[in-house]
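Student: Input structure: model-v8.cif, which contains mmCIF, C-alpha atoms and all ligand atoms.
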```cif
data_entry
#
loop_
_atom_site.label_atom_id
_atom_site.label_comp_id
_atom_site.auth_asym_id
_atom_site.auth_seq_id
_atom_site.Cartn_x
_atom_site.Cartn_y
_atom_site.Cartn_z
CA MET I 154 26.50 5.58 -9.28
CA ASP I 155 26.83 3.21 -6.32
CA PHE I 156 24.60 0.15 -6.01
CA ALA I 157 26.29 -1.13 -2.83
CA LEU I 158 24.23 -1.21 0.35
CA SER I 159 25.68 0.39 3.47
CA GLU I 160 26.26 -1.71 6.60
CA GLU I 161 23.23 -0.06 8.17
CA GLN I 162 21.03 -0.84 5.16
CA ILE I 163 22.11 -4.49 5.22
CA GLN I 164 21.25 -4.65 8.92
CA ILE I 165 17.79 -3.14 8.34
CA LYS I 166 17.07 -5.55 5.50
CA ASN I 167 18.24 -8.53 7.57
CA MET I 168 16.23 -7.42 10.59
CA ALA I 169 13.01 -7.26 8.54
CA ARG I 170 13.84 -10.56 6.85
CA SER I 171 14.47 -12.39 10.09
CA PHE I 172 11.31 -10.95 11.64
CA MET I 173 9.24 -12.21 8.71
CA ARG I 174 11.04 -15.50 8.03
CA ASP I 175 12.96 -16.76 11.05
CA GLU I 176 11.20 -19.95 12.02
CA LYS I 177 12.81 -20.04 15.45
CA SER I 178 11.58 -16.66 16.57
CA LYS I 179 8.75 -16.81 19.08
CA GLU I 180 7.71 -20.31 18.07
CA LYS I 181 7.11 -19.35 14.46
CA GLN I 182 4.78 -16.52 15.42
CA VAL I 183 4.81 -14.74 12.09
CA GLU I 184 4.06 -17.95 10.24
CA ASN I 185 1.28 -18.70 12.72
CA TRP I 186 -0.22 -15.25 12.32
CA ILE I 187 -0.28 -15.69 8.58
CA LYS I 188 -1.99 -19.10 8.79
CA ASN I 189 -4.40 -17.75 11.37
CA ALA I 190 -5.31 -14.79 9.19
CA ASP I 191 -6.33 -17.20 6.43
CA LYS I 192 -8.86 -18.73 8.82
CA THR I 193 -10.02 -15.76 10.88
CA LYS I 194 -9.67 -13.01 8.25
CA LYS I 195 -9.01 -10.68 11.19
CA PHE I 196 -6.68 -7.72 11.42
CA PRO I 197 -3.39 -8.94 12.98
CA VAL I 198 -3.17 -6.69 16.04
CA GLU I 199 -0.45 -8.75 17.76
CA PHE I 200 1.64 -8.96 14.62
CA MET I 201 1.44 -5.20 14.19
CA LYS I 202 2.49 -4.59 17.78
CA GLU I 203 5.52 -6.88 17.34
CA ALA I 204 6.36 -5.08 14.10
CA ALA I 205 6.16 -1.75 15.98
CA LYS I 206 8.78 -2.96 18.50
CA LEU I 207 11.23 -3.33 15.59
CA GLY I 208 10.43 0.11 14.21
CA LEU I 209 8.49 -1.28 11.25
CA LEU I 210 5.42 0.84 12.01
CA SER I 211 7.42 4.03 12.02
CA ILE I 212 9.52 3.84 8.91
CA ASP I 213 7.80 6.97 7.60
CA ILE I 214 7.87 8.82 10.93
CA PRO I 215 10.71 11.21 11.79
CA GLU I 216 12.82 10.43 14.85
CA GLU I 217 11.60 13.52 16.72
CA TYR I 218 8.12 11.90 16.80
CA GLY I 219 9.38 8.48 17.87
CA GLY I 220 10.00 7.16 14.37
CA ALA I 221 12.72 4.97 12.96
CA GLY I 222 14.00 7.93 10.92
CA LEU I 223 14.98 5.73 7.99
CA ASP I 224 16.01 7.08 4.63
CA ARG I 225 13.72 6.15 1.73
CA VAL I 226 15.95 3.45 0.27
CA SER I 227 16.45 1.74 3.65
CA ALA I 228 12.70 1.83 4.30
CA LEU I 229 12.08 0.17 0.95
CA LEU I 230 14.68 -2.51 1.67
CA ALA I 231 12.81 -3.43 4.84
CA PHE I 232 9.48 -3.32 3.05
CA GLU I 233 10.71 -5.64 0.28
CA GLU I 234 11.33 -8.31 2.92
CA ILE I 235 7.91 -7.87 4.53
CA ALA I 236 6.02 -7.99 1.22
CA TYR I 237 7.92 -11.10 0.12
CA VAL I 238 6.47 -13.15 2.94
CA SER I 239 2.99 -11.64 3.12
CA VAL I 240 1.30 -9.12 0.84
CA PRO I 241 -1.67 -8.52 3.19
CA PHE I 242 0.50 -7.84 6.22
CA SER I 243 2.68 -5.60 4.10
CA LEU I 244 -0.49 -3.72 3.10
CA ASP I 245 -1.45 -3.21 6.77
CA ILE I 246 2.03 -1.86 7.46
CA LEU I 247 2.05 0.24 4.28
CA VAL I 248 -1.31 1.91 4.93
CA HIS I 249 -0.32 2.73 8.52
CA ASN I 250 3.07 4.13 7.44
CA SER I 251 3.13 5.41 3.92
CA LEU I 252 -0.47 6.60 3.63
CA SER I 253 -1.60 7.58 7.11
CA ALA I 254 1.57 8.60 9.01
CA PHE I 255 3.14 10.02 5.87
CA ALA I 256 0.12 12.29 5.20
CA ILE I 257 0.15 13.51 8.82
CA ASN I 258 3.84 14.27 8.59
CA LEU I 259 3.46 15.86 5.16
CA ALA I 260 0.66 18.27 6.00
CA GLY I 261 0.14 18.21 9.76
CA ARG I 262 0.74 21.00 12.24
CA LYS I 263 3.21 20.37 15.06
CA ASP I 264 0.39 19.70 17.54
CA GLN I 265 -1.21 17.15 15.18
CA LYS I 266 2.10 15.36 14.71
CA GLU I 267 2.78 15.36 18.45
CA LYS I 268 -0.67 14.02 19.19
CA TYR I 269 -0.65 11.10 16.77
CA LEU I 270 2.76 10.17 15.38
CA PRO I 271 4.45 8.90 18.59
CA ARG I 272 1.41 6.69 19.35
CA MET I 273 1.42 5.39 15.79
CA ALA I 274 5.16 4.69 15.94
CA SER I 275 4.79 2.63 19.11
CA GLY I 276 1.83 0.66 17.76
CA GLU I 277 -0.48 2.02 20.47
CA ILE I 278 -2.82 3.14 17.70
CA PHE I 279 -3.11 2.29 14.00
CA GLY I 280 -3.95 4.65 11.17
CA CYS I 281 -5.90 4.56 7.92
CA PHE I 282 -6.50 6.78 4.90
CA ALA I 283 -9.95 7.23 3.41
CA ASN I 284 -10.53 8.83 0.05
CA THR I 285 -12.39 6.19 -1.99
CA GLU I 286 -16.21 6.21 -1.99
CA PRO I 287 -18.89 4.21 -3.81
CA ASP I 288 -18.84 6.80 -6.64
CA ALA I 289 -15.21 7.90 -6.48
CA GLY I 290 -12.31 5.52 -7.07
CA SER I 291 -10.06 6.33 -10.02
CA ASP I 292 -11.83 9.68 -10.25
CA ALA I 293 -10.45 10.43 -6.82
CA LYS I 294 -11.35 14.13 -6.89
CA ASN I 295 -15.04 13.31 -7.32
CA ILE I 296 -15.76 12.60 -3.65
CA LYS I 297 -19.23 13.32 -2.27
CA THR I 298 -18.49 13.26 1.48
CA ARG I 299 -19.18 16.81 2.62
CA ALA I 300 -17.74 18.95 5.35
CA VAL I 301 -19.88 22.00 6.11
CA LYS I 302 -18.63 24.77 8.34
CA ASN I 303 -20.73 26.27 11.08
CA GLY I 304 -18.81 28.74 13.28
CA ASN I 305 -15.53 27.01 14.01
CA LYS I 306 -17.20 23.57 13.75
CA TRP I 307 -17.26 21.29 10.74
CA LEU I 308 -19.99 18.72 10.19
CA LEU I 309 -18.88 15.74 8.11
CA ASN I 310 -21.36 13.52 6.29
CA GLY I 311 -20.71 10.73 3.78
CA LYS I 312 -19.63 7.19 3.12
CA LYS I 313 -16.11 5.84 2.60
CA ARG I 314 -15.42 2.54 0.90
CA PHE I 315 -12.43 0.19 0.55
CA CYS I 316 -10.61 1.70 3.51
CA THR I 317 -7.80 -0.61 4.56
CA ASN I 318 -7.18 -0.92 8.34
CA ALA I 319 -10.22 1.18 9.39
CA SER I 320 -11.67 -1.62 11.55
CA ALA I 321 -8.57 -1.55 13.77
CA SER I 322 -7.66 2.11 13.51
CA LYS I 323 -8.16 4.92 15.99
CA VAL I 324 -7.14 7.70 13.61
CA ALA I 325 -8.06 8.39 10.00
CA VAL I 326 -7.00 10.84 7.33
CA VAL I 327 -10.37 11.50 5.67
CA PHE I 328 -11.07 13.60 2.59
CA ALA I 329 -14.26 15.64 2.26
CA ARG I 330 -15.71 18.16 -0.16
CA THR I 331 -15.59 21.72 1.18
CA SER I 332 -16.36 23.55 -2.07
CA GLU I 333 -17.47 22.76 -5.61
CA ARG I 334 -15.06 21.06 -7.98
CA LYS I 335 -13.65 23.49 -10.56
CA ALA I 336 -10.88 23.29 -13.14
CA GLY I 337 -7.63 23.45 -11.17
CA SER I 338 -9.39 23.19 -7.79
CA PRO I 339 -10.92 19.88 -6.71
CA GLY I 340 -12.45 21.63 -3.67
CA THR I 341 -11.59 18.94 -1.15
CA THR I 342 -10.04 19.15 2.32
CA ALA I 343 -8.15 16.59 4.38
CA PHE I 344 -9.32 16.03 7.97
CA LEU I 345 -7.44 14.19 10.69
CA ILE I 346 -10.08 12.59 12.87
CA ASP I 347 -10.51 10.03 15.62
CA ILE I 348 -12.50 6.95 14.67
CA GLY I 349 -13.63 3.84 16.53
CA PRO I 350 -16.68 2.13 18.01
CA ARG I 351 -17.33 4.79 20.63
CA VAL I 352 -16.70 7.84 18.46
CA LYS I 353 -19.86 9.91 17.91
CA GLY I 354 -20.82 10.33 14.26
CA TYR I 355 -18.64 7.44 13.06
CA SER I 356 -19.93 3.98 12.18
CA LEU I 357 -18.09 1.02 10.69
CA ASP I 358 -20.73 -0.36 8.31
CA ARG I 359 -19.16 -3.50 6.88
CA LEU I 360 -16.03 -5.42 6.03
CA GLU I 361 -15.73 -6.34 2.36
CA PRO I 362 -15.82 -10.15 2.00
CA LYS I 363 -12.60 -10.45 0.00
CA ILE I 364 -11.23 -13.35 -2.04
CA CYS I 365 -7.61 -12.56 -1.18
CA GLN I 366 -5.15 -10.81 1.09
CA ALA I 367 -6.46 -12.38 4.31
CA GLY I 368 -5.10 -10.46 7.28
CA SER I 369 -5.86 -7.11 5.77
CA THR I 370 -9.34 -5.65 6.27
CA LEU I 371 -11.18 -3.64 3.66
CA CYS I 372 -13.78 -1.45 5.37
CA GLU I 373 -16.78 0.68 4.60
CA PHE I 374 -17.67 3.40 7.10
CA SER I 375 -20.06 6.33 7.39
CA LEU I 376 -19.76 9.76 8.90
CA ASN I 377 -23.13 11.02 10.12
CA ASP I 378 -22.96 14.59 11.42
CA TYR I 379 -19.42 13.84 12.60
CA GLU I 380 -18.38 16.96 14.48
CA ALA I 381 -14.89 18.22 13.76
CA SER I 382 -13.23 21.56 14.33
CA ASP I 383 -10.56 23.66 12.64
CA GLU I 384 -8.10 21.67 14.76
CA ASN I 385 -8.95 18.62 12.67
CA VAL I 386 -8.13 20.20 9.32
CA LEU I 387 -4.97 18.60 7.92
CA GLY I 388 -3.18 21.13 5.74
CA GLU I 389 -5.30 23.88 4.19
CA VAL I 390 -9.02 24.10 3.52
CA ASP I 391 -9.82 23.29 -0.14
CA LYS I 392 -6.25 22.06 -0.65
CA GLY I 393 -6.91 18.45 0.27
CA TRP I 394 -5.76 17.22 -3.11
CA ASN I 395 -2.21 18.34 -2.26
CA VAL I 396 -2.32 15.97 0.70
CA CYS I 397 -4.01 13.12 -1.18
CA GLY I 398 -1.98 13.36 -4.41
CA GLY I 399 1.29 14.04 -2.57
CA THR I 400 0.77 11.02 -0.36
CA PHE I 401 -0.07 8.73 -3.29
CA GLU I 402 3.09 9.78 -5.14
CA HIS I 403 5.14 8.66 -2.15
CA SER I 404 3.17 5.54 -1.36
CA ARG I 405 3.18 4.22 -4.93
CA ILE I 406 6.84 3.34 -4.52
CA TRP I 407 5.88 0.97 -1.72
CA ILE I 408 3.07 -0.58 -3.76
CA ALA I 409 5.54 -1.02 -6.61
CA MET I 410 7.88 -2.95 -4.33
CA GLN I 411 4.96 -4.95 -2.96
CA GLY I 412 4.26 -6.17 -6.51
CA ASP I 413 7.95 -6.78 -7.28
CA SER I 414 8.50 -8.74 -4.11
CA LEU I 415 5.40 -10.85 -4.66
CA ALA I 416 6.61 -11.57 -8.21
CA GLN I 417 9.98 -12.65 -6.77
CA HIS I 418 8.25 -14.90 -4.27
CA ALA I 419 6.20 -16.56 -7.04
CA HIS I 420 9.38 -16.95 -9.10
CA ASP I 421 11.25 -18.64 -6.25
CA GLU I 422 8.34 -20.99 -5.54
CA ILE I 423 7.92 -22.06 -9.15
CA MET I 424 11.67 -22.53 -9.65
CA LYS I 425 11.67 -24.90 -6.67
CA TYR I 426 8.58 -26.76 -7.80
CA ALA I 427 9.59 -27.04 -11.47
CA SER I 428 13.02 -28.34 -10.45
CA GLU I 429 11.47 -31.13 -8.36
CA ARG I 430 8.44 -32.03 -10.50
CA THR I 431 9.27 -34.55 -13.22
CA THR I 432 7.30 -35.11 -16.44
CA PHE I 433 8.37 -37.24 -19.42
CA GLY I 434 11.40 -38.35 -17.41
CA LYS I 435 12.88 -34.91 -16.65
CA PRO I 436 12.21 -31.97 -14.34
CA VAL I 437 9.71 -29.43 -15.72
CA ILE I 438 12.40 -26.72 -15.61
CA GLU I 439 14.48 -28.71 -18.13
CA ASN I 440 11.98 -27.71 -20.83
CA GLN I 441 13.75 -24.86 -22.56
CA TYR I 442 10.56 -22.93 -23.24
CA ILE I 443 9.68 -22.85 -19.54
CA ALA I 444 13.25 -22.06 -18.46
CA PHE I 445 13.38 -19.18 -20.95
CA GLU I 446 10.02 -17.78 -19.83
CA LEU I 447 11.21 -17.86 -16.21
CA ALA I 448 14.53 -16.28 -17.24
CA LYS I 449 12.62 -13.45 -18.96
CA LEU I 450 10.48 -13.05 -15.86
CA LYS I 451 13.59 -12.79 -13.69
CA ILE I 452 14.89 -9.97 -15.92
CA GLU I 453 11.59 -8.13 -15.51
CA ILE I 454 11.63 -8.57 -11.73
CA GLU I 455 15.18 -7.22 -11.42
CA SER I 456 14.34 -4.26 -13.70
CA ALA I 457 11.17 -3.48 -11.77
CA LYS I 458 13.01 -3.49 -8.43
CA MET I 459 15.67 -1.18 -9.87
CA MET I 460 12.95 1.23 -10.96
CA ALA I 461 11.35 1.20 -7.49
CA TYR I 462 14.70 1.82 -5.80
CA LYS I 463 15.43 4.59 -8.29
CA ALA I 464 12.11 6.25 -7.41
CA ALA I 465 12.95 5.99 -3.68
CA TRP I 466 16.38 7.49 -4.30
CA GLN I 467 14.88 10.30 -6.40
CA GLU I 468 12.37 11.06 -3.66
CA MET I 469 15.12 11.08 -1.05
CA THR I 470 17.22 13.48 -3.13
CA SER I 471 14.23 15.75 -3.93
CA ASN I 472 14.50 14.99 -7.63
CA PRO I 473 11.40 16.36 -9.43
CA GLU I 474 11.34 13.25 -11.66
CA PHE I 475 10.42 11.09 -8.68
CA ALA I 476 6.64 11.21 -9.12
CA VAL I 477 6.66 9.94 -12.69
CA THR I 478 9.25 7.28 -11.86
CA ALA I 479 6.99 6.21 -8.98
CA SER I 480 4.07 5.87 -11.42
CA MET I 481 6.18 3.80 -13.82
CA ALA I 482 7.40 1.61 -10.96
CA LYS I 483 3.85 1.17 -9.64
CA TYR I 484 2.58 0.19 -13.09
CA MET I 485 5.40 -2.31 -13.51
CA GLY I 486 5.07 -3.77 -10.02
CA GLY I 487 1.32 -4.31 -10.30
CA GLU I 488 1.36 -5.82 -13.77
CA LEU I 489 4.38 -7.96 -12.99
CA ALA I 490 2.84 -9.38 -9.81
CA VAL I 491 -0.14 -10.64 -11.82
CA LYS I 492 2.01 -11.96 -14.67
CA ALA I 493 4.49 -13.77 -12.42
CA THR I 494 1.89 -15.37 -10.17
CA ARG I 495 -0.20 -16.48 -13.16
CA LEU I 496 2.82 -18.02 -14.89
CA ALA I 497 3.72 -19.74 -11.63
CA CYS I 498 0.20 -21.24 -11.50
CA GLN I 499 0.53 -22.38 -15.12
CA TYR I 500 3.88 -24.10 -14.63
CA ALA I 501 2.77 -25.68 -11.34
CA GLY I 502 -0.10 -27.32 -13.25
CA GLY I 503 -3.27 -28.65 -11.59
CA ILE I 504 -1.90 -28.52 -8.05
CA SER I 505 -1.88 -24.72 -8.31
CA ILE I 506 -5.63 -24.52 -7.79
CA SER I 507 -5.56 -26.54 -4.55
CA GLN I 508 -6.31 -24.49 -1.45
CA GLU I 509 -3.26 -26.15 0.06
CA SER I 510 -0.96 -24.85 -2.66
CA ILE I 511 0.70 -21.46 -2.41
CA PHE I 512 0.40 -20.65 -6.11
CA SER I 513 -3.24 -19.62 -6.44
CA LYS I 514 -3.01 -17.79 -3.10
CA LEU I 515 -0.16 -15.67 -4.46
CA TYR I 516 -2.12 -15.09 -7.68
CA ALA I 517 -5.21 -13.94 -5.78
CA ASP I 518 -3.08 -11.61 -3.63
CA ALA I 519 -1.59 -10.13 -6.80
CA LEU I 520 -4.93 -9.20 -8.37
CA ALA I 521 -5.49 -6.12 -6.21
CA ILE I 522 -2.04 -4.61 -6.76
CA PRO I 523 -2.66 -3.16 -10.26
CA ILE I 524 -5.88 -1.63 -8.88
CA TYR I 525 -5.20 0.15 -5.60
CA GLU I 526 -3.52 3.55 -5.24
CA GLY I 527 -4.27 4.40 -8.84
CA ALA I 528 -5.04 1.53 -11.21
CA SER I 529 -2.57 0.70 -13.99
CA GLU I 530 -4.62 2.74 -16.48
CA ILE I 531 -4.37 5.79 -14.22
CA GLN I 532 -0.57 5.35 -13.98
CA LEU I 533 -0.40 5.20 -17.79
CA ALA I 534 -2.43 8.43 -17.95
CA ILE I 535 0.01 10.13 -15.54
CA ILE I 536 3.02 8.89 -17.52
CA ALA I 537 1.48 9.94 -20.86
CA LYS I 538 0.65 13.41 -19.50
CA ASN I 539 4.24 13.79 -18.29
CA MET I 540 5.56 12.70 -21.71
CA LYS I 541 3.35 15.24 -23.46
CA SER I 542 4.41 18.12 -21.22
CA ARG I 543 8.07 17.19 -21.79
CA SER I 544 7.66 17.06 -25.55
CA ALA I 545 5.97 20.47 -25.45
CA LEU I 546 9.12 21.83 -23.81
CA THR I 547 11.49 20.51 -26.47
C1 LIG I 601 -7.43 -4.21 -1.50
C2 LIG I 601 -7.76 -2.74 -1.69
C3 LIG I 601 -7.36 -1.83 -0.73
C4 LIG I 601 -7.71 -0.47 -0.86
N1 LIG I 601 -7.37 0.41 0.15
C5 LIG I 601 -7.78 1.71 0.06
C6 LIG I 601 -7.53 2.63 1.15
O1 LIG I 601 -6.93 2.27 2.18
N2 LIG I 601 -8.00 3.90 1.03
C7 LIG I 601 -8.67 4.34 -0.08
O2 LIG I 601 -9.06 5.52 -0.12
N3 LIG I 601 -8.91 3.49 -1.12
C8 LIG I 601 -8.49 2.20 -1.08
N4 LIG I 601 -8.76 1.31 -2.11
C9 LIG I 601 -9.50 1.80 -3.28
C10 LIG I 601 -8.67 1.89 -4.54
O3 LIG I 601 -7.78 2.98 -4.48
C11 LIG I 601 -9.64 1.97 -5.74
O4 LIG I 601 -10.24 0.68 -5.84
C12 LIG I 601 -8.94 2.34 -7.02
O5 LIG I 601 -8.56 3.70 -7.00
C13 LIG I 601 -9.83 2.09 -8.25
O6 LIG I 601 -11.09 2.66 -8.07
P1 LIG I 601 -12.41 1.79 -8.34
O7 LIG I 601 -12.25 0.48 -7.66
O8 LIG I 601 -13.57 2.62 -7.98
O9 LIG I 601 -12.39 1.51 -9.92
P2 LIG I 601 -13.00 2.50 -11.02
O10 LIG I 601 -12.54 3.86 -10.79
O11 LIG I 601 -14.47 2.26 -11.13
O12 LIG I 601 -12.29 1.95 -12.34
C14 LIG I 601 -12.69 0.74 -12.98
C15 LIG I 601 -11.69 0.48 -14.14
O13 LIG I 601 -11.76 1.53 -15.11
C16 LIG I 601 -10.46 2.07 -15.32
N5 LIG I 601 -10.58 3.51 -15.52
C17 LIG I 601 -11.26 4.38 -14.76
N6 LIG I 601 -11.12 5.64 -15.26
C18 LIG I 601 -10.33 5.53 -16.36
C19 LIG I 601 -9.78 6.47 -17.30
N7 LIG I 601 -10.05 7.77 -17.21
N8 LIG I 601 -8.99 5.99 -18.29
C20 LIG I 601 -8.71 4.68 -18.39
N9 LIG I 601 -9.18 3.75 -17.52
C21 LIG I 601 -9.96 4.17 -16.52
C22 LIG I 601 -9.70 1.77 -14.02
O14 LIG I 601 -8.31 1.80 -14.25
C23 LIG I 601 -10.22 0.40 -13.67
O15 LIG I 601 -9.53 -0.55 -14.45
C24 LIG I 601 -8.42 -0.03 -2.00
C25 LIG I 601 -8.80 -0.96 -2.98
C26 LIG I 601 -8.50 -2.30 -2.83
C27 LIG I 601 -8.93 -3.27 -3.91
#
```
Once you've parsed the file, please lay out its structure as structure tokens.
Ligand SMILES: Cc1cc2nc3c(=O)[nH]c(=O)nc-3n(C[C@H](O)[C@H](O)[C@H](O)COP(=O)(O)OP(=O)(O)OC[C@H]3O[C@@H](n4cnc5c(N)ncnc54)[C@H](O)[C@@H]3O)c2cc1C
Tutor:
Amino acid sequence: MDFALSEEQIQIKNMARSFMRDEKSKEKQVENWIKNADKTKKFPVEFMKEAAKLGLLSIDIPEEYGGAGLDRVSALLAFEEIAYVSVPFSLDILVHNSLSAFAINLAGRKDQKEKYLPRMASGEIFGCFANTEPDAGSDAKNIKTRAVKNGNKWLLNGKKRFCTNASASKVAVVFARTSERKAGSPGTTAFLIDIGPRVKGYSLDRLEPKICQAGSTLCEFSLNDYEASDENVLGEVDKGWNVCGGTFEHSRIWIAMQGDSLAQHAHDEIMKYASERTTFGKPVIENQYIAFELAKLKIEIESAKMMAYKAAWQEMTSNPEFAVTASMAKYMGGELAVKATRLACQYAGGISISQESIFSKLYADALAIPIYEGASEIQLAIIAKNMKSRSALT
């Protein structure tokens, strides 16, 4: 077992770090974008285009379609650096890469990949992934959006909710019901469709007024007699769950690292604050209880990162254990992000609730992580099911 990073991996990690943190670059653009997002709540188009120039919008796209062609571990190293500085921007990048582009690459025909992936890699267009609906979240197979076939045309009707990036995207991976749900067959199909203000049959209905993750947009949209054709089917008819579930398994590793990196950020901030803040004549960190709690947190953060990297390595080496490791890593990352940011608020004291303090902002950003891409309870269900099937084999 070798934990050492290659020269190339170190370079990739440093490149992403300096893009996100280097104060000298482009007059602190990244920092400005982040501050601006807090005020405007808008999708960071310019930031995304700059990220594309460095290959950060194509880390899940093969080189033959203009992608960075990174291995899974290298991609995660870069993503760790992005998520450390900004969870919402990392979500924009994640949805574009590991949900949208990944699904296209996973299930798309050559012509679909050629049409969309190079433009997504260059940042010319952004992508989103829409499964969730008002009545289908955790029960992701229960979607009501329908696609009805007439000749070689498909008519799509329904409403999608909580779709990250949709307001800025030109392409969407959308799931619709094409037959009734039965045991072993959810009856859904993935469609790869154009979206946007001038696209017939598509309307962006509203942006969710969120309490956190400014800079990432959460959208509701409708499809009203949206006309698609067989060309728009992504993968096979009635086999949409293979696309949806397969994409989630991959993407959960990224969400796991998002949570781990946010936890690390909160840990670093509170270590700094508690070392400077003095009460009863000594720095807060000199209280053994607090130092021990932060030491325990550090152990959890390191363990969680190891689990995420293990999942990435297992995926890269086609190890069948990867999906359950990804679920465990996602559970840990989400729960840890909330725990670490809450502890950081506690040990920062009253200042943590100031809008000018970073602590409550990090906490609010953390709250969504144990929910999206399969809430913690759903990860536990996946892990428990895997445990049961293993014990049945022994
Ligand atoms: C910031 C953000 C971004 C998102 N981006 C996207 C996106 O880009 N595309 C997309 O398709 N979706 C997206 N989502 C939706 C997200 O995937 C869902 O919110 C998530 O799957 C949970 O669904 P729900 O909100 O409907 O909760 P519900 O399904 O209503 O669940 C409510 C609670 O009940 C628990 N629960 C439900 N069923 C069970 C069970 N059987 N056993 C135990 N507990 C259970 C859940 O774990 C949860 O705690 C996003 C959500 C957020 C918050």
Student: Just need the box for ligand LIG 601 (chain I), edges along x, y and z, holding every atom the file lists for it with 8 Å tacked onto each side, so centre and edge lengths in Å to one decimal, as AutoDock Vina command-line options.
Tutor:
```
--center_x -10.7 --center_y 1.8 --center_z -8.1 --size_x 23.5 --size_y 28.0 --size_z 36.6
```
Student: Identify, on the basis of all atoms listed in the file, every residue whose closest approach to I:Ala419 does not exceed 9 Å; exclude the query and any residue fewer than 4 positions from it along the same chain; express the result as a list in words.
Tutor: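 Once the adjacent positions are removed, what remains is Ser414, Leu415, Ile423, Met424, Ala490, Ala493, Thr494, Arg495, Leu496, Ala497, Cys498, Ile511, Phe512, Leu515 and Tyr516 of chain I.
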Student: Taking all atoms listed in the file and a cut-off of 6 Å, can you tell me which residues surround ligand LIG 601 (chain I), written as an MDAnalysis selection string?
Tutor: chainID I and resid 282:285 289:292 315:317 521 524:531
Student: Please produce an output containing C-alpha atoms for each residue in the selection, written as an mmCIF file, keeping the file's coordinate frame.
Tutor:
```
data_model
loop_
_atom_site.group_PDB
_atom_site.id
_atom_site.type_symbol
_atom_site.label_atom_id
_atom_site.label_comp_id
_atom_site.auth_asym_id
_atom_site.auth_seq_id
_atom_site.Cartn_x
_atom_site.Cartn_y
_atom_site.Cartn_z
ATOM 1 C CA PHE I 282 -6.500 6.780 4.900
ATOM 2 C CA ALA I 283 -9.950 7.230 3.410
ATOM 3 C CA ASN I 284 -10.530 8.830 0.050
ATOM 4 C CA THR I 285 -12.390 6.190 -1.990
ATOM 5 C CA ALA I 289 -15.210 7.900 -6.480
ATOM 6 C CA GLY I 290 -12.310 5.520 -7.070
ATOM 7 C CA SER I 291 -10.060 6.330 -10.020
ATOM 8 C CA ASP I 292 -11.830 9.680 -10.250
ATOM 9 C CA PHE I 315 -12.430 0.190 0.550
ATOM 10 C CA CYS I 316 -10.610 1.700 3.510
ATOM 11 C CA THR I 317 -7.800 -0.610 4.560
ATOM 12 C CA ALA I 521 -5.490 -6.120 -6.210
ATOM 13 C CA ILE I 524 -5.880 -1.630 -8.880
ATOM 14 C CA TYR I 525 -5.200 0.150 -5.600
ATOM 15 C CA GLU I 526 -3.520 3.550 -5.240
ATOM 16 C CA GLY I 527 -4.270 4.400 -8.840
ATOM 17 C CA ALA I 528 -5.040 1.530 -11.210
ATOM 18 C CA SER I 529 -2.570 0.700 -13.990
ATOM 19 C CA GLU I 530 -4.620 2.740 -16.480
ATOM 20 C CA ILE I 531 -4.370 5.790 -14.220
#
```
Student: With all atoms listed in the file as the basis for distance, which of I:Lys323, I:Lys206, I:Lys451, I:Arg330 is at the shortest distance from I:Thr298?
Tutor: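 Looking at the shortest contact to I:Thr298, the residue is I:Arg330.
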Student: From (-7.4, -12.6, -2.8), in the file's coordinates, out to 7 Å: which residues are reached, counting only C-alpha atoms? Answer as a PyMOL selection string.
Tutor: chain I and resi 363-366+514+517-518+520
Student: From the options I:Gly487, I:Gly502, I:Gly354, I:Gly208, which residue's atoms come nearest to I:Asp413, counting all atoms listed in the file?
Tutor: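 When distances to I:Asp413 are compared using all atoms listed in the file, the smallest one comes from I:Gly487.
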Student: State, in Å with one decimal place, the distance from atom CA of I:Trp407 to atom CA of I:Gly388.
Tutor: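 Going from atom CA of I:Trp407 over to atom CA of I:Gly388, I get 23.3 Å.
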Student: Find the residues near I:Asn295: any atom within 8 Å, counting only C-alpha atoms, skip ones fewer than 6 places away on the same chain, and give them as a list in words.
Tutor: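 After dropping sequence-adjacent residues, the list is Asp288, Ala289, Arg334 and Pro339 of chain I.
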Student: Using Å and a single decimal, report how far atom CA of I:Glu161 sits from atom CA of I:Ala205.
Tutor: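 Atom-to-atom, atom CA of I:Ala205 to atom CA of I:Glu161, that is 18.8 Å.
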Student: Using all atoms listed in the file for the distances, tell me which of I:Ala231, I:Phe279, I:Gly349, I:Glu446 is nearest to I:Gln162.
Tutor: I:Ala231
Student: Restricting the calculation to all atoms listed in the file: of I:Cys397, I:Ala367, I:Val301, I:Leu309, which residue gets closest to I:Pro241?
Tutor: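 Of I:Cys397, I:Ala367, I:Val301, I:Leu309, the one nearest I:Pro241 is I:Ala367, counting all atoms listed in the file.
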Student: Would you mind listing what lies within 9 Å of I:Leu223 as a list in words, with only C-alpha atoms counted and same-chain residues fewer than 2 positions away left out?
Tutor: Ser211, Ile212, Asp213, Ile214, Pro215, Glu216, Gly220, Ala221, Arg225, Val226, Ser227 and Ala228 of chain I
Student: Just how far from atom CA of I:Ser322 is atom CA of I:Met168, in Å to one decimal?
Tutor: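 Interatomic distance here is 25.9 Å.
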Student: Pick the closest to I:Arg405 from I:Ser510, I:Ser171, I:Asn310, I:Ser480: which is it, counting all atoms listed in the file?
Tutor: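 So, comparing all the options, the nearest one is I:Ser480.
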Student: Between I:Glu422, I:Glu373, I:Asp245, I:Glu234, which has the minimum distance to I:Ala501 (counting all atoms listed in the file)?
Tutor: I:Glu422
